[in-house]
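Participant: Handing you this structure, nothing more for now.
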Amino acid sequence: MKYIPVIGLEIHAELMTETKAFCGCSNSFGQDKNSNTCPVCLALPGALPVLNQKAVQLAISAGLLCGSEITPITIWDRKNYFYPDLAKAYQISQLYAPICVGGGLEVNGRYIRFNRIHLEEDAGKLLHERGSSIIDYNRAGVPLIECVTEPDIRSSDEAVEFVEKFRRILIYGDICDGKMEQGSLRVDANISIMPENSIALGTRAEIKNINSFRFLKRAIEFEIERQTELLSNGGRIVQETRRYDEVSGETFSMRSKEDAHDYRYFPDPDVLPLIISAEDVEEIRNTLPEPPNKRYDRYVNKYMISGRDADTILAERATADFYDAVINEGADPKAAANSIKGELLRLLGEKAVKEIPVSPKDFAKALELASNLKISQDGLKAAITYMFQTGEGIDKALKEKNLIITENQDLIKAVIAEIVAEDPDLATRYKAGENKLFSYLFGQCMKKLKGKALPQSINLELIKELTE
Ligand SMILES: [Zn+2]
């Protein structure tokens with residue numbers, strides 16, 4: 001029997017706030033253990049939480065960028081469980097009225113729906129060092145959003161692409177830094193399989209805390225294979241939580257999967273319901289950047305650049321913003337895309353792109369000069385490199401690098417004569433009808449006159465010389 005994979009994701013993204021979700025402790029990564037803590041996030045008696053407004057704004061931003069509805073009255077629930085990294089023995093989360101509902105993202109022409117995005121606080125971290133375990137509460141109370149999709153995903157590749165898209169949106173919106181290696185973005189995958197042509201969903205297994213795209217792909221593929229083999233051999237899938245082992249590439253059972261009622265959710269009496277007005281939502285909407293998926297559509301459909309080039313430009317928001325700025329200066333979208341991916345990204349190399357040290361106006365000017373044949377393509381590259389390395393403008397680059405082509409007709413004639421003289425037989429054969437020799441002779445002239453004459457001028461002179 002053929003089975004179809006059914007995959008739903010829960011993506012946890014830590015928010016880029018200054019402080020934690022319910023206290024004033026710093027939300028910065030990599031500090032000394034337990035240095036970012038206070039009575040609230042350590043759950044000392046009598047301490048009360050105060051909701052972080054910025055965290056709410058970022059959660060709403062995430063929803064708006066993905067087409068979700070914002071809930072007008074959102075409430076806070078306690079999710080109760082015991083674990084050493086959870087000092088309160090409950091997590092403040094949202095079960096019944098999540099802050100964002102619905103929305104989704106298109107992946108490869110298929111729309112993957114969001115069930116919800118809710119706001120909650122992270123737990124601390126257990127570190128196992130030299131035979132003992134240490135609890136670090138710096139992460140306890142860090143605000144995060146959990147984005148839950150409907151089980152609309154059908155393959156590991158689709159899952160990876162979905163997370164990549166969502167992650168990019170969060171980064172563009174300054175919502176989450178997307179650093180999976182630091183745990184800022186973690187994925188749980190719910191996977192089941194169902195027989196082809198069936199409509200009843202199979203029993204699912206949940207794989208927890210996947211922190212790289214590669215592991216996400218491998219974990220899903222392993223799990224599909226495991227379940228297929230099990231069902232094909234007459235076995236039964238049990239609902240459980242599994243762990244992906246990065247070394248063996250396999251998933252292992254951790255515990256039987258719990259349902260919401262196991263956590264005895266109830267409204268948190270310490271945090272008041274939050275009323276979000278339509279005006280609040282509009283105010284936030286007005287601060288949002290155009291999301292990368294929309295930009296992709298604009299680049300490909302309006303500017304007619306390839307999807308691959310669009311992806312390259314969109315990989316970093318700084319590059320995409322630069323591209324848009326260059327186009328706003330009137331540059332040709334295709335020429336701008338070529339120079340950005342060819343020259344600019346080569347110059348940036350592995351450096352993290354925060355600010356590009358060339359003004360979009362000067363960049364656009366350089367492209368214009370090249371398209372009007374005032375400078376050569378090599379001259380264009382030289383101009384971009386000069387501006388990038390010195391921070392100077394285009395005028396200085398043209399002067400310093402002597403880039404403007406000033407044609408000398410006598411020089412062009414002399415070079416052509418020289419090349420024809422080197423092998424007079426070629427000219428004779430061309431005149432006798434071997435047309436294809438033209439491009440060879442033209443190439444030789446281009447080589448000798450590099451940067452000193454326009455191809456058009458060489459072309460014209462060469463025709464004259466050969467037809468005389
Ligand atoms: Zn605190």
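The way I read the labels, and the way they are meant: chains A, B, ... in the order of the structure tokens, residue 1 as the first residue of every chain, and ligand 1 as the first ligand shown, with later ones counted on from there.
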Could I get the residue neighbourhood of ligand 1 at 7 Å, counting only C-alpha atoms and all ligand atoms, as a ChimeraX atom specification?

Facilitator: /A:20,23-25,36-42,141

Participant: Limited to N, CA and C atoms, could you put the picked residues into a file as a short mmCIF file (atom, residue, chain, number, x, y, z; two decimals), in the first residue's frame?

Facilitator:
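Dumped to part_38.cif:
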```
data_model
loop_
_atom_site.label_atom_id
_atom_site.label_comp_id
_atom_site.auth_asym_id
_atom_site.auth_seq_id
_atom_site.Cartn_x
_atom_site.Cartn_y
_atom_site.Cartn_z
N LYS A 20 12.65 40.27 29.34
CA LYS A 20 11.86 39.04 29.28
C LYS A 20 10.35 39.31 29.19
N CYS A 23 9.09 40.09 33.19
CA CYS A 23 9.92 40.80 34.17
C CYS A 23 10.94 41.66 33.43
N GLY A 24 11.71 42.43 34.18
CA GLY A 24 12.63 43.37 33.55
C GLY A 24 14.01 42.80 33.28
N CYS A 25 14.21 41.49 33.46
CA CYS A 25 15.53 40.89 33.22
C CYS A 25 15.90 40.99 31.76
N ASN A 36 20.89 36.68 34.42
CA ASN A 36 19.68 37.39 33.99
C ASN A 36 18.47 36.82 34.73
N THR A 37 18.43 37.02 36.02
CA THR A 37 17.30 36.45 36.78
C THR A 37 16.83 37.43 37.85
N CYS A 38 15.60 37.23 38.30
CA CYS A 38 15.02 38.08 39.33
C CYS A 38 13.94 37.26 40.05
N PRO A 39 13.33 37.80 41.09
CA PRO A 39 12.29 37.02 41.80
C PRO A 39 11.17 36.54 40.89
N VAL A 40 10.83 37.31 39.86
CA VAL A 40 9.70 36.90 38.99
C VAL A 40 10.07 35.65 38.19
N CYS A 41 11.22 35.70 37.50
CA CYS A 41 11.52 34.55 36.63
C CYS A 41 12.10 33.38 37.42
N LEU A 42 12.44 33.62 38.70
CA LEU A 42 12.86 32.50 39.55
C LEU A 42 11.67 31.98 40.37
N GLY A 141 11.54 32.58 31.13
CA GLY A 141 10.77 33.82 30.99
C GLY A 141 11.06 34.59 29.72
#
```

Participant: When DSSP works through the backbone of this structure, what residues of region 177-261 of chain A end up as strand (DSSP E), shown as a ChimeraX atom specification?

Facilitator: /A:185-195,205-210,240-245,250-256

Participant: So which one's closest to Arg226 (chain A), A:Gln409, A:Gln57, A:Asn402, A:Thr251? Using only C-alpha atoms, please.

Facilitator: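 The answer is A:Thr251, which sits nearest to Arg226 (chain A).
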
Participant: List as an mmCIF file with N, CA and C atoms, in the first residue's frame the protein and nucleic acid residues near Ala383 (chain A), meaning an atom at most 9 Å away when only C-alpha atoms are counted, but skip any in the same chain fewer than 6 places from it.

Facilitator:
```
data_model
loop_
_atom_site.group_PDB
_atom_site.id
_atom_site.type_symbol
_atom_site.label_atom_id
_atom_site.label_comp_id
_atom_site.auth_asym_id
_atom_site.auth_seq_id
_atom_site.Cartn_x
_atom_site.Cartn_y
_atom_site.Cartn_z
ATOM 1 N N PHE A 363 25.511 53.578 -6.993
ATOM 2 C CA PHE A 363 25.451 52.252 -7.622
ATOM 3 C C PHE A 363 24.587 52.325 -8.885
ATOM 4 N N ALA A 366 26.431 54.091 -11.668
ATOM 5 C CA ALA A 366 27.427 53.224 -12.310
ATOM 6 C C ALA A 366 26.746 52.305 -13.334
ATOM 7 N N ILE A 394 30.783 57.678 -6.949
ATOM 8 C CA ILE A 394 31.047 57.249 -8.322
ATOM 9 C C ILE A 394 31.981 58.226 -9.054
ATOM 10 N N ALA A 397 35.445 57.457 -8.221
ATOM 11 C CA ALA A 397 35.830 56.155 -8.784
ATOM 12 C C ALA A 397 36.177 56.287 -10.261
ATOM 13 N N LEU A 398 35.369 57.053 -10.987
ATOM 14 C CA LEU A 398 35.612 57.225 -12.431
ATOM 15 C C LEU A 398 36.955 57.902 -12.677
ATOM 16 N N LYS A 401 40.097 55.654 -11.219
ATOM 17 C CA LYS A 401 40.325 54.413 -11.982
ATOM 18 C C LYS A 401 40.319 54.665 -13.493
ATOM 19 N N LEU A 403 37.955 55.472 -15.764
ATOM 20 C CA LEU A 403 37.040 54.477 -16.324
ATOM 21 C C LEU A 403 36.248 54.932 -17.544
#
```

Participant: List as a tab-separated table every residue of region 259-348 of chain A that is in contact with region 63-85 of chain A, defined as an atom at most 10 Å from one of its atoms (using only C-alpha atoms), together with the nearest atom pair and the distance in Å rounded to one decimal, sorted by chain and then rising number.

Facilitator:
```
residue	atom	partner	partner_atom	distance
A:Ala260	CA	A:Lys79	CA	8.7
A:His261	CA	A:Lys79	CA	9.6
A:Asp262	CA	A:Asn80	CA	8.5
A:Tyr263	CA	A:Asn80	CA	5.0
A:Arg264	CA	A:Asn80	CA	6.1
A:Tyr265	CA	A:Lys79	CA	4.9
A:Phe266	CA	A:Asp77	CA	5.3
A:Pro267	CA	A:Asp77	CA	4.2
A:Asp268	CA	A:Asp77	CA	4.9
A:Pro269	CA	A:Trp76	CA	8.5
A:Asp270	CA	A:Trp76	CA	9.0
A:Val271	CA	A:Trp76	CA	6.6
A:Leu272	CA	A:Ile75	CA	7.2
A:Pro273	CA	A:Ile75	CA	4.5
A:Leu274	CA	A:Thr74	CA	5.2
A:Ile275	CA	A:Ile73	CA	4.6
A:Ile276	CA	A:Pro72	CA	4.9
A:Ser277	CA	A:Pro72	CA	6.3
A:Ala278	CA	A:Pro72	CA	7.8
A:Val281	CA	A:Ile70	CA	7.6
A:Glu282	CA	A:Leu64	CA	9.8
A:Ile284	CA	A:Leu64	CA	8.7
A:Arg285	CA	A:Leu64	CA	6.9
A:Leu288	CA	A:Leu65	CA	7.8
A:Pro289	CA	A:Leu65	CA	8.7
A:Glu290	CA	A:Leu65	CA	8.2
A:Pro291	CA	A:Leu65	CA	6.4
A:Pro292	CA	A:Leu65	CA	9.6
A:Asn293	CA	A:Leu65	CA	9.7
A:Lys294	CA	A:Leu65	CA	9.8
```

Participant: According to DSSP computed on the backbone, where in region 292-437 of chain A is there helix (DSSP H, G or I)? Give the residues as an MDAnalysis selection string.

Facilitator: chainID A and resid 292:302 307:314 317:328 333:348 360:371 377:390 394:400 409:422 424:431 437

Participant: When you draw a straight line from CA of Ile405 (chain A) to CA of Ile419 (chain A), how long is it in Å?

Facilitator: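 Atom-to-atom, CA of Ile405 (chain A) to CA of Ile419 (chain A), that is 21.5 Å.
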